[in-house]
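Asker: Sharing upload-v2.txt here; it has compact mmCIF, N, CA and C atoms.
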# COMPACT_ATOMS: atom_id res chain seq x y z
N MET K 1 1.00 -3.70 59.86
CA MET K 1 1.39 -4.90 59.18
C MET K 1 0.71 -4.90 57.81
N SER K 2 1.50 -4.87 56.72
CA SER K 2 0.89 -4.83 55.40
C SER K 2 0.29 -6.18 55.01
N LYS K 3 0.93 -7.26 55.42
CA LYS K 3 0.42 -8.61 55.17
C LYS K 3 0.15 -9.24 56.53
N PRO K 4 -1.07 -9.73 56.73
CA PRO K 4 -1.38 -10.27 58.05
C PRO K 4 -0.57 -11.52 58.37
N ASP K 5 -0.30 -11.71 59.63
CA ASP K 5 0.40 -12.88 60.14
C ASP K 5 -0.40 -14.13 59.78
N GLU K 6 0.24 -15.08 59.10
CA GLU K 6 -0.45 -16.29 58.64
C GLU K 6 -1.02 -17.10 59.80
N LEU K 7 -0.32 -17.13 60.92
CA LEU K 7 -0.81 -17.87 62.07
C LEU K 7 -2.08 -17.21 62.63
N LEU K 8 -2.08 -15.89 62.66
CA LEU K 8 -3.25 -15.17 63.15
C LEU K 8 -4.44 -15.37 62.20
N VAL K 9 -4.20 -15.39 60.90
CA VAL K 9 -5.26 -15.67 59.93
C VAL K 9 -5.82 -17.07 60.16
N ALA K 10 -4.93 -18.03 60.43
CA ALA K 10 -5.38 -19.41 60.69
C ALA K 10 -6.24 -19.49 61.95
N ILE K 11 -5.88 -18.73 62.97
CA ILE K 11 -6.68 -18.70 64.20
C ILE K 11 -8.06 -18.12 63.88
N ALA K 12 -8.09 -17.02 63.15
CA ALA K 12 -9.37 -16.40 62.79
C ALA K 12 -10.22 -17.35 61.94
N ALA K 13 -9.59 -18.06 61.02
CA ALA K 13 -10.32 -19.02 60.17
C ALA K 13 -10.88 -20.17 61.00
N THR K 14 -10.14 -20.61 62.00
CA THR K 14 -10.62 -21.69 62.87
C THR K 14 -11.82 -21.22 63.68
N VAL K 15 -11.77 -20.00 64.20
CA VAL K 15 -12.91 -19.44 64.92
C VAL K 15 -14.12 -19.40 64.00
N GLU K 16 -13.91 -18.97 62.76
CA GLU K 16 -15.01 -18.91 61.78
C GLU K 16 -15.57 -20.30 61.49
N SER K 17 -14.71 -21.26 61.23
CA SER K 17 -15.17 -22.60 60.82
C SER K 17 -15.81 -23.38 61.97
N GLU K 18 -15.31 -23.17 63.17
CA GLU K 18 -15.86 -23.90 64.32
C GLU K 18 -17.07 -23.19 64.91
N GLN K 19 -17.32 -21.95 64.49
CA GLN K 19 -18.42 -21.16 65.04
C GLN K 19 -18.35 -21.12 66.57
N SER K 20 -17.15 -20.84 67.08
CA SER K 20 -16.91 -20.81 68.52
C SER K 20 -16.49 -19.42 68.96
N ASN K 21 -16.85 -19.06 70.18
CA ASN K 21 -16.43 -17.77 70.73
C ASN K 21 -15.62 -17.98 72.01
N GLN K 22 -14.86 -19.07 72.07
CA GLN K 22 -14.09 -19.38 73.26
C GLN K 22 -12.61 -19.01 73.16
N MET K 23 -12.13 -18.57 71.99
CA MET K 23 -10.72 -18.25 71.81
C MET K 23 -10.42 -16.86 72.36
N SER K 24 -9.58 -16.79 73.38
CA SER K 24 -9.18 -15.50 73.95
C SER K 24 -7.92 -15.04 73.26
N LEU K 25 -7.87 -13.75 72.98
CA LEU K 25 -6.74 -13.18 72.25
C LEU K 25 -6.52 -11.74 72.71
N THR K 26 -5.27 -11.32 72.69
CA THR K 26 -4.93 -9.93 72.95
C THR K 26 -4.12 -9.43 71.77
N VAL K 27 -4.49 -8.26 71.24
CA VAL K 27 -3.79 -7.70 70.09
C VAL K 27 -3.39 -6.26 70.36
N VAL K 28 -2.37 -5.84 69.63
CA VAL K 28 -1.98 -4.43 69.62
C VAL K 28 -2.29 -3.92 68.22
N THR K 29 -3.06 -2.86 68.14
CA THR K 29 -3.43 -2.27 66.87
C THR K 29 -3.42 -0.76 67.01
N GLY K 30 -2.62 -0.10 66.21
CA GLY K 30 -2.52 1.36 66.30
C GLY K 30 -2.09 1.84 67.66
N GLY K 31 -1.29 1.06 68.36
CA GLY K 31 -0.83 1.44 69.69
C GLY K 31 -1.83 1.14 70.79
N THR K 32 -2.97 0.58 70.45
CA THR K 32 -4.01 0.25 71.41
C THR K 32 -3.99 -1.25 71.70
N VAL K 33 -4.15 -1.61 72.95
CA VAL K 33 -4.21 -3.02 73.33
C VAL K 33 -5.67 -3.39 73.53
N ILE K 34 -6.12 -4.42 72.79
CA ILE K 34 -7.48 -4.92 72.91
C ILE K 34 -7.39 -6.38 73.34
N THR K 35 -8.15 -6.74 74.36
CA THR K 35 -8.11 -8.10 74.87
C THR K 35 -9.53 -8.61 75.02
N GLY K 36 -9.74 -9.87 74.69
CA GLY K 36 -11.07 -10.45 74.82
C GLY K 36 -11.19 -11.75 74.05
N ARG K 37 -12.43 -12.15 73.78
CA ARG K 37 -12.68 -13.40 73.07
C ARG K 37 -13.08 -13.12 71.63
N LEU K 38 -12.60 -13.98 70.75
CA LEU K 38 -12.98 -13.87 69.34
C LEU K 38 -14.32 -14.55 69.12
N ALA K 39 -15.07 -14.02 68.18
CA ALA K 39 -16.35 -14.61 67.78
C ALA K 39 -16.37 -14.72 66.26
N PRO K 40 -17.10 -15.69 65.74
CA PRO K 40 -17.29 -15.75 64.29
C PRO K 40 -17.98 -14.46 63.82
N GLU K 41 -17.65 -14.02 62.63
CA GLU K 41 -18.21 -12.76 62.14
C GLU K 41 -19.73 -12.77 62.14
N ALA K 42 -20.37 -13.85 61.72
CA ALA K 42 -21.83 -13.90 61.68
C ALA K 42 -22.44 -13.73 63.07
N VAL K 43 -21.82 -14.35 64.07
CA VAL K 43 -22.31 -14.24 65.44
C VAL K 43 -22.11 -12.81 65.94
N TRP K 44 -20.95 -12.23 65.64
CA TRP K 44 -20.65 -10.86 66.04
C TRP K 44 -21.65 -9.88 65.41
N ARG K 45 -21.88 -10.03 64.09
CA ARG K 45 -22.82 -9.14 63.41
C ARG K 45 -24.22 -9.24 64.00
N GLN K 46 -24.65 -10.47 64.28
CA GLN K 46 -25.99 -10.65 64.83
C GLN K 46 -26.11 -9.99 66.19
N ARG K 47 -25.09 -10.11 67.03
CA ARG K 47 -25.13 -9.50 68.37
C ARG K 47 -25.14 -7.98 68.29
N VAL K 48 -24.31 -7.41 67.39
CA VAL K 48 -24.31 -5.95 67.22
C VAL K 48 -25.69 -5.50 66.72
N SER K 49 -26.26 -6.26 65.79
CA SER K 49 -27.59 -5.94 65.28
C SER K 49 -28.64 -5.91 66.40
N GLU K 50 -28.56 -6.90 67.30
CA GLU K 50 -29.50 -6.95 68.42
C GLU K 50 -29.35 -5.76 69.35
N VAL K 51 -28.11 -5.38 69.64
CA VAL K 51 -27.86 -4.23 70.51
C VAL K 51 -28.40 -2.95 69.87
N LEU K 52 -28.14 -2.77 68.58
CA LEU K 52 -28.62 -1.58 67.88
C LEU K 52 -30.14 -1.56 67.79
N ASP K 53 -30.72 -2.72 67.58
CA ASP K 53 -32.18 -2.83 67.44
C ASP K 53 -32.88 -2.39 68.72
N ASP K 54 -32.23 -2.57 69.87
CA ASP K 54 -32.81 -2.17 71.16
C ASP K 54 -32.70 -0.67 71.43
N SER K 55 -32.01 0.05 70.55
CA SER K 55 -31.80 1.48 70.75
C SER K 55 -32.79 2.29 69.92
N ASP K 56 -33.42 3.28 70.54
CA ASP K 56 -34.35 4.15 69.82
C ASP K 56 -33.63 4.95 68.73
N SER K 57 -32.46 5.45 69.04
CA SER K 57 -31.76 6.32 68.09
C SER K 57 -30.90 5.56 67.09
N LEU K 58 -30.44 4.35 67.43
CA LEU K 58 -29.54 3.60 66.54
C LEU K 58 -30.21 2.42 65.85
N GLY K 59 -31.47 2.17 66.16
CA GLY K 59 -32.21 1.07 65.58
C GLY K 59 -32.15 0.97 64.05
N PRO K 60 -32.19 2.11 63.33
CA PRO K 60 -32.14 2.02 61.87
C PRO K 60 -30.85 1.40 61.31
N PHE K 61 -29.79 1.34 62.12
CA PHE K 61 -28.53 0.75 61.66
C PHE K 61 -28.50 -0.77 61.85
N SER K 62 -29.42 -1.30 62.61
CA SER K 62 -29.45 -2.73 62.90
C SER K 62 -29.46 -3.60 61.65
N PRO K 63 -30.30 -3.29 60.64
CA PRO K 63 -30.33 -4.15 59.44
C PRO K 63 -29.01 -4.21 58.67
N VAL K 64 -28.18 -3.19 58.80
CA VAL K 64 -26.88 -3.19 58.12
C VAL K 64 -26.04 -4.37 58.61
N PHE K 65 -26.09 -4.62 59.90
CA PHE K 65 -25.33 -5.72 60.49
C PHE K 65 -26.04 -7.05 60.30
N ALA K 66 -27.36 -7.07 60.46
CA ALA K 66 -28.13 -8.31 60.34
C ALA K 66 -28.06 -8.87 58.92
N ALA K 67 -28.07 -8.01 57.92
CA ALA K 67 -28.06 -8.46 56.53
C ALA K 67 -26.80 -9.24 56.21
N GLY K 68 -25.67 -8.81 56.72
CA GLY K 68 -24.41 -9.48 56.44
C GLY K 68 -24.20 -10.73 57.27
N ALA K 69 -24.94 -10.89 58.36
CA ALA K 69 -24.72 -12.02 59.26
C ALA K 69 -24.99 -13.35 58.58
N ALA K 70 -26.02 -13.43 57.78
CA ALA K 70 -26.39 -14.69 57.13
C ALA K 70 -25.45 -15.04 55.99
N ASP K 71 -24.77 -14.05 55.43
CA ASP K 71 -23.90 -14.28 54.28
C ASP K 71 -22.53 -14.82 54.64
N ARG K 72 -22.14 -14.84 55.89
CA ARG K 72 -20.77 -15.13 56.27
C ARG K 72 -20.40 -16.60 56.46
N PRO K 73 -21.28 -17.44 57.05
CA PRO K 73 -20.84 -18.82 57.31
C PRO K 73 -20.50 -19.56 56.02
N GLY K 74 -19.42 -20.35 56.08
CA GLY K 74 -19.04 -21.18 54.95
C GLY K 74 -18.37 -20.45 53.80
N ARG K 75 -17.97 -19.23 54.00
CA ARG K 75 -17.34 -18.51 52.90
C ARG K 75 -15.96 -19.07 52.62
N ALA K 76 -15.53 -18.97 51.37
CA ALA K 76 -14.29 -19.62 50.94
C ALA K 76 -13.04 -18.78 51.22
N GLU K 77 -13.12 -17.48 51.12
CA GLU K 77 -11.93 -16.64 51.29
C GLU K 77 -11.53 -16.55 52.76
N PRO K 78 -10.23 -16.34 53.00
CA PRO K 78 -9.77 -16.23 54.39
C PRO K 78 -10.33 -14.97 55.06
N PRO K 79 -10.45 -15.01 56.38
CA PRO K 79 -10.97 -13.83 57.09
C PRO K 79 -10.03 -12.63 56.94
N THR K 80 -10.61 -11.45 56.99
CA THR K 80 -9.84 -10.21 56.89
C THR K 80 -9.86 -9.43 58.20
N HIS K 81 -10.74 -9.81 59.12
CA HIS K 81 -10.91 -9.09 60.38
C HIS K 81 -11.03 -10.06 61.54
N LEU K 82 -10.67 -9.57 62.70
CA LEU K 82 -10.94 -10.26 63.96
C LEU K 82 -12.19 -9.63 64.55
N HIS K 83 -13.06 -10.44 65.11
CA HIS K 83 -14.29 -9.92 65.70
C HIS K 83 -14.28 -10.28 67.19
N PHE K 84 -14.07 -9.25 68.01
CA PHE K 84 -13.99 -9.44 69.45
C PHE K 84 -15.35 -9.26 70.11
N HIS K 85 -15.65 -10.18 71.01
CA HIS K 85 -16.88 -10.16 71.80
C HIS K 85 -16.43 -10.16 73.27
N VAL K 86 -17.08 -9.39 74.09
CA VAL K 86 -16.71 -9.27 75.51
C VAL K 86 -15.24 -8.85 75.60
N ALA K 87 -14.90 -7.80 74.92
CA ALA K 87 -13.51 -7.34 74.85
C ALA K 87 -13.36 -5.99 75.54
N ARG K 88 -12.11 -5.68 75.89
CA ARG K 88 -11.81 -4.41 76.54
C ARG K 88 -10.57 -3.80 75.91
N ILE K 89 -10.56 -2.50 75.89
CA ILE K 89 -9.35 -1.75 75.54
C ILE K 89 -8.62 -1.55 76.85
N LEU K 90 -7.35 -1.95 76.88
CA LEU K 90 -6.58 -1.79 78.12
C LEU K 90 -5.88 -0.43 78.10
N GLN K 91 -6.08 0.30 79.17
CA GLN K 91 -5.44 1.59 79.32
C GLN K 91 -4.98 1.72 80.75
N GLY K 92 -3.67 1.74 80.94
CA GLY K 92 -3.14 1.78 82.29
C GLY K 92 -3.55 0.53 83.04
N SER K 93 -4.14 0.70 84.19
CA SER K 93 -4.55 -0.45 85.00
C SER K 93 -6.04 -0.75 84.88
N MET K 94 -6.69 -0.21 83.85
CA MET K 94 -8.12 -0.47 83.73
C MET K 94 -8.51 -0.90 82.32
N GLY K 95 -9.64 -1.57 82.22
CA GLY K 95 -10.19 -1.99 80.95
C GLY K 95 -11.43 -1.19 80.63
N ILE K 96 -11.55 -0.78 79.36
CA ILE K 96 -12.68 0.04 78.94
C ILE K 96 -13.41 -0.70 77.82
N PRO K 97 -14.70 -0.90 77.88
CA PRO K 97 -15.57 -0.71 79.03
C PRO K 97 -15.43 -1.86 80.00
N GLU K 98 -15.86 -1.64 81.22
CA GLU K 98 -15.73 -2.67 82.25
C GLU K 98 -16.49 -3.94 81.88
N THR K 99 -17.62 -3.77 81.22
CA THR K 99 -18.47 -4.91 80.90
C THR K 99 -18.06 -5.62 79.62
N GLY K 100 -17.16 -5.06 78.87
CA GLY K 100 -16.74 -5.67 77.61
C GLY K 100 -17.52 -5.10 76.44
N GLY K 101 -16.84 -4.99 75.31
CA GLY K 101 -17.48 -4.42 74.14
C GLY K 101 -17.29 -5.31 72.92
N MET K 102 -17.78 -4.83 71.79
CA MET K 102 -17.71 -5.54 70.52
C MET K 102 -16.77 -4.75 69.61
N TYR K 103 -15.65 -5.35 69.25
CA TYR K 103 -14.67 -4.65 68.41
C TYR K 103 -14.36 -5.47 67.16
N ARG K 104 -14.15 -4.76 66.05
CA ARG K 104 -13.75 -5.38 64.78
C ARG K 104 -12.40 -4.78 64.43
N VAL K 105 -11.41 -5.64 64.23
CA VAL K 105 -10.04 -5.20 63.97
C VAL K 105 -9.55 -5.85 62.68
N ALA K 106 -9.04 -5.05 61.76
CA ALA K 106 -8.48 -5.59 60.52
C ALA K 106 -7.21 -6.37 60.84
N LEU K 107 -7.10 -7.56 60.29
CA LEU K 107 -5.90 -8.37 60.51
C LEU K 107 -4.64 -7.64 60.07
N THR K 108 -4.74 -6.84 59.02
CA THR K 108 -3.57 -6.11 58.53
C THR K 108 -3.12 -5.02 59.48
N ASP K 109 -3.98 -4.64 60.44
CA ASP K 109 -3.64 -3.58 61.40
C ASP K 109 -3.05 -4.11 62.70
N VAL K 110 -2.98 -5.42 62.86
CA VAL K 110 -2.45 -6.01 64.09
C VAL K 110 -0.92 -6.02 64.01
N SER K 111 -0.28 -5.34 64.97
CA SER K 111 1.19 -5.29 64.97
C SER K 111 1.81 -6.29 65.94
N ALA K 112 1.03 -6.76 66.91
CA ALA K 112 1.50 -7.76 67.88
C ALA K 112 0.28 -8.45 68.46
N TRP K 113 0.47 -9.69 68.89
CA TRP K 113 -0.65 -10.41 69.49
C TRP K 113 -0.15 -11.55 70.36
N THR K 114 -1.02 -12.02 71.24
CA THR K 114 -0.73 -13.19 72.07
C THR K 114 -2.03 -13.91 72.36
N VAL K 115 -1.93 -15.20 72.55
CA VAL K 115 -3.10 -15.99 72.91
C VAL K 115 -3.43 -15.72 74.36
N GLY K 116 -4.70 -15.58 74.65
CA GLY K 116 -5.17 -15.31 76.01
C GLY K 116 -5.55 -13.85 76.17
N ASP K 117 -6.31 -13.59 77.20
CA ASP K 117 -6.67 -12.19 77.47
C ASP K 117 -5.99 -11.75 78.75
N PHE K 118 -5.68 -10.47 78.81
CA PHE K 118 -5.02 -9.90 79.97
C PHE K 118 -6.07 -9.42 80.94
N SER K 119 -5.83 -9.67 82.19
CA SER K 119 -6.70 -9.15 83.23
C SER K 119 -6.27 -7.72 83.53
N TYR K 120 -7.13 -7.00 84.12
CA TYR K 120 -6.79 -5.66 84.56
C TYR K 120 -7.29 -5.49 85.97
N SER K 121 -6.74 -4.53 86.65
CA SER K 121 -7.12 -4.31 88.04
C SER K 121 -7.39 -2.83 88.24
N ASP K 122 -8.42 -2.54 88.99
CA ASP K 122 -8.72 -1.14 89.29
C ASP K 122 -8.22 -0.77 90.68
N ARG K 123 -7.26 -1.54 91.20
CA ARG K 123 -6.69 -1.27 92.52
C ARG K 123 -5.51 -0.36 92.40
The structure in this file should be written as structure tokens.

Answerer:
Amino acid sequence: MSKPDELLVAIAATVESEQSNQMSLTVVTGGTVITGRLAPEAVWRQRVSEVLDDSDSLGPFSPVFAAGAADRPGRAEPPTHLHFHVARILQGSMGIPETGGMYRVALTDVSAWTVGDFSYSDR
């Protein structure tokens, strides 16, 4: 999608302005289905920073995410990305990872979407 869906941008802006991570969304991007909850960018960056900070080998990357976290709230321009928290990539009848991951998806790369997250079954 060269121009992001205006409704999807409005959803992302609402998540940003309300500082809420309760909005569930499923998107198709590059042929991949990602399902989970949206988080404000600042919250997402802070969580990624914390995860990296706990890693011996990836700890040096933590400040890259933490530095941008404080700069995001209250920004005037519309969001350019969706920030998924507790999300899974759906493949066949399973979700990867099982515990949920942190994904950042450019709004311009979303080719289809729906409100809500899809369940998966390993049966």

Asker: So which residues of chain K fall under alpha helix (DSSP H) by DSSP, listed as a PyMOL selection string?

Answerer: chain K and resi 6-18+41-53+62-69

Asker: Quick one: everything within 6 Å of Leu82 in chain K, counting only N, CA and C atoms, minus sequence neighbours fewer than 6 positions away in the same chain. Send it as a VMD selection string.

Answerer: chain K and resid 103 to 107

Asker: Quick one: of K:Thr108, K:Asn21, K:Thr99, K:Ser55, who's nearest to His83 in chain K, counting only C-alpha atoms?

Answerer: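 The answer is K:Asn21, which sits nearest to His83 in chain K.
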
Asker: Using only C-alpha atoms, which residues sit within 9 Å of Thr26 in chain K once same-chain residues fewer than 6 positions away are excluded, as an MDAnalysis selection string?

Answerer: chainID K and resid 33:37 112:118

Asker: Need the shell around Gln22 in chain K: protein/DNA/RNA residues with any atom at most 7 Å away, counting only N, CA and C atoms. Skip same-chain ones fewer than 2 positions apart. Format as a list in words?

Answerer: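 Listing them by chain and then by number gives Gln19, Ser20, Ser24, Arg37, Leu38 and Ala39 of chain K.
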
Asker: Write the residues of the selection above to a file with N, CA and C atoms, as a CSV table (one decimal), in the coordinates of the input.

Answerer:
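part.csv written:
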chain,number,residue,atom,x,y,z
K,19,GLN,N,-17.3,-22.0,64.5
K,19,GLN,CA,-18.4,-21.2,65.0
K,19,GLN,C,-18.4,-21.1,66.6
K,20,SER,N,-17.2,-20.8,67.1
K,20,SER,CA,-16.9,-20.8,68.5
K,20,SER,C,-16.5,-19.4,69.0
K,24,SER,N,-9.6,-16.8,73.4
K,24,SER,CA,-9.2,-15.5,74.0
K,24,SER,C,-7.9,-15.0,73.3
K,37,ARG,N,-12.4,-12.2,73.8
K,37,ARG,CA,-12.7,-13.4,73.1
K,37,ARG,C,-13.1,-13.1,71.6
K,38,LEU,N,-12.6,-14.0,70.8
K,38,LEU,CA,-13.0,-13.9,69.3
K,38,LEU,C,-14.3,-14.6,69.1
K,39,ALA,N,-15.1,-14.0,68.2
K,39,ALA,CA,-16.4,-14.6,67.8
K,39,ALA,C,-16.4,-14.7,66.3

Asker: Hey, can you pull every residue with an atom no more than 12 Å from (0.9, -0.9, 70.0), using only C-alpha atoms, and send it as a PyMOL selection string?

Answerer: chain K and resi 1+26-34+89-91+109-113

Asker: Between atom C of Glu41 in chain K and atom N of Gly92 in chain K, what is the spacing in Å?

Answerer: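 Straight-line distance from atom N of Gly92 in chain K to atom C of Glu41 in chain K works out to 28.7 Å.
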
Asker: Considering only strand (DSSP E or B) as DSSP defines it on the backbone, what residues of range 5-123 of chain K qualify? List them as number ranges by chain.

Answerer: K: 24-29, 32-38, 81-91, 94-106, 110-115

Asker: With distances taken over only N, CA and C atoms, which residue among K:Thr80, K:Ser2, K:Val48, K:Glu16 lies nearest Phe61 in chain K?

Answerer: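 Selected residue with least distance to Phe61 in chain K: K:Val48.
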
Asker: Residues within 12 Å of Pro63 in chain K, please, as a PyMOL selection string. Count only C-alpha atoms; anything in the same chain fewer than 3 positions from it doesn't count.

Answerer: chain K and resi 45-53+58-60+66-70

Asker: Between atom N of Arg88 in chain K and atom C of Ala42 in chain K, what is the distance in Å, rounded to a tenth?

Answerer: 18.3 Å

Asker: Some atoms are absent from range 30-40 of chain K, so rebuild all heavy atoms and return them as an mmCIF file, in the frame of the given file.

Answerer:
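Everything below was put into out_22.cif:
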data_model
loop_
_atom_site.group_PDB
_atom_site.id
_atom_site.type_symbol
_atom_site.label_atom_id
_atom_site.label_comp_id
_atom_site.auth_asym_id
_atom_site.auth_seq_id
_atom_site.Cartn_x
_atom_site.Cartn_y
_atom_site.Cartn_z
ATOM 1 N N GLY K 30 -2.620 -0.100 66.210
ATOM 2 C CA GLY K 30 -2.520 1.360 66.300
ATOM 3 C C GLY K 30 -2.090 1.840 67.660
ATOM 4 O O GLY K 30 -2.509 2.907 68.109
ATOM 5 N N GLY K 31 -1.290 1.060 68.360
ATOM 6 C CA GLY K 31 -0.830 1.440 69.690
ATOM 7 C C GLY K 31 -1.830 1.140 70.790
ATOM 8 O O GLY K 31 -1.570 1.417 71.959
ATOM 9 N N THR K 32 -2.970 0.580 70.450
ATOM 10 C CA THR K 32 -4.010 0.250 71.410
ATOM 11 C C THR K 32 -3.990 -1.250 71.700
ATOM 12 O O THR K 32 -3.877 -2.050 70.774
ATOM 13 C CB THR K 32 -5.395 0.654 70.858
ATOM 14 O OG1 THR K 32 -5.387 2.051 70.587
ATOM 15 C CG2 THR K 32 -6.504 0.324 71.833
ATOM 16 N N VAL K 33 -4.150 -1.610 72.950
ATOM 17 C CA VAL K 33 -4.210 -3.020 73.330
ATOM 18 C C VAL K 33 -5.670 -3.390 73.530
ATOM 19 O O VAL K 33 -6.383 -2.762 74.316
ATOM 20 C CB VAL K 33 -3.415 -3.297 74.629
ATOM 21 C CG1 VAL K 33 -3.537 -4.757 75.034
ATOM 22 C CG2 VAL K 33 -1.951 -2.898 74.457
ATOM 23 N N ILE K 34 -6.120 -4.420 72.790
ATOM 24 C CA ILE K 34 -7.480 -4.920 72.910
ATOM 25 C C ILE K 34 -7.390 -6.380 73.340
ATOM 26 O O ILE K 34 -6.641 -7.156 72.744
ATOM 27 C CB ILE K 34 -8.258 -4.800 71.587
ATOM 28 C CG1 ILE K 34 -8.369 -3.328 71.171
ATOM 29 C CG2 ILE K 34 -9.641 -5.442 71.713
ATOM 30 C CD1 ILE K 34 -9.019 -3.105 69.822
ATOM 31 N N THR K 35 -8.150 -6.740 74.360
ATOM 32 C CA THR K 35 -8.110 -8.100 74.870
ATOM 33 C C THR K 35 -9.530 -8.610 75.020
ATOM 34 O O THR K 35 -10.433 -7.861 75.388
ATOM 35 C CB THR K 35 -7.347 -8.151 76.218
ATOM 36 O OG1 THR K 35 -7.142 -9.508 76.584
ATOM 37 C CG2 THR K 35 -8.054 -7.408 77.325
ATOM 38 N N GLY K 36 -9.740 -9.870 74.690
ATOM 39 C CA GLY K 36 -11.070 -10.450 74.820
ATOM 40 C C GLY K 36 -11.190 -11.750 74.050
ATOM 41 O O GLY K 36 -10.190 -12.367 73.692
ATOM 42 N N ARG K 37 -12.430 -12.150 73.780
ATOM 43 C CA ARG K 37 -12.680 -13.400 73.070
ATOM 44 C C ARG K 37 -13.080 -13.120 71.630
ATOM 45 O O ARG K 37 -13.826 -12.170 71.353
ATOM 46 C CB ARG K 37 -13.806 -14.180 73.745
ATOM 47 C CG ARG K 37 -13.369 -14.805 75.046
ATOM 48 C CD ARG K 37 -14.434 -15.676 75.605
ATOM 49 N NE ARG K 37 -15.697 -14.938 75.652
ATOM 50 C CZ ARG K 37 -16.778 -15.356 76.282
ATOM 51 N NH1 ARG K 37 -16.764 -16.497 76.900
ATOM 52 N NH2 ARG K 37 -17.859 -14.646 76.288
ATOM 53 N N LEU K 38 -12.600 -13.980 70.750
ATOM 54 C CA LEU K 38 -12.980 -13.870 69.340
ATOM 55 C C LEU K 38 -14.320 -14.550 69.120
ATOM 56 O O LEU K 38 -14.643 -15.540 69.760
ATOM 57 C CB LEU K 38 -11.930 -14.536 68.451
ATOM 58 C CG LEU K 38 -10.552 -13.889 68.430
ATOM 59 C CD1 LEU K 38 -9.629 -14.694 67.508
ATOM 60 C CD2 LEU K 38 -10.634 -12.451 67.954
ATOM 61 N N ALA K 39 -15.070 -14.020 68.180
ATOM 62 C CA ALA K 39 -16.350 -14.610 67.780
ATOM 63 C C ALA K 39 -16.370 -14.720 66.260
ATOM 64 O O ALA K 39 -15.726 -13.932 65.571
ATOM 65 C CB ALA K 39 -17.507 -13.731 68.250
ATOM 66 N N PRO K 40 -17.100 -15.690 65.740
ATOM 67 C CA PRO K 40 -17.290 -15.750 64.290
ATOM 68 C C PRO K 40 -17.980 -14.460 63.820
ATOM 69 O O PRO K 40 -18.803 -13.892 64.550
ATOM 70 C CB PRO K 40 -18.196 -16.960 64.077
ATOM 71 C CG PRO K 40 -18.039 -17.776 65.317
ATOM 72 C CD PRO K 40 -17.774 -16.793 66.425
#
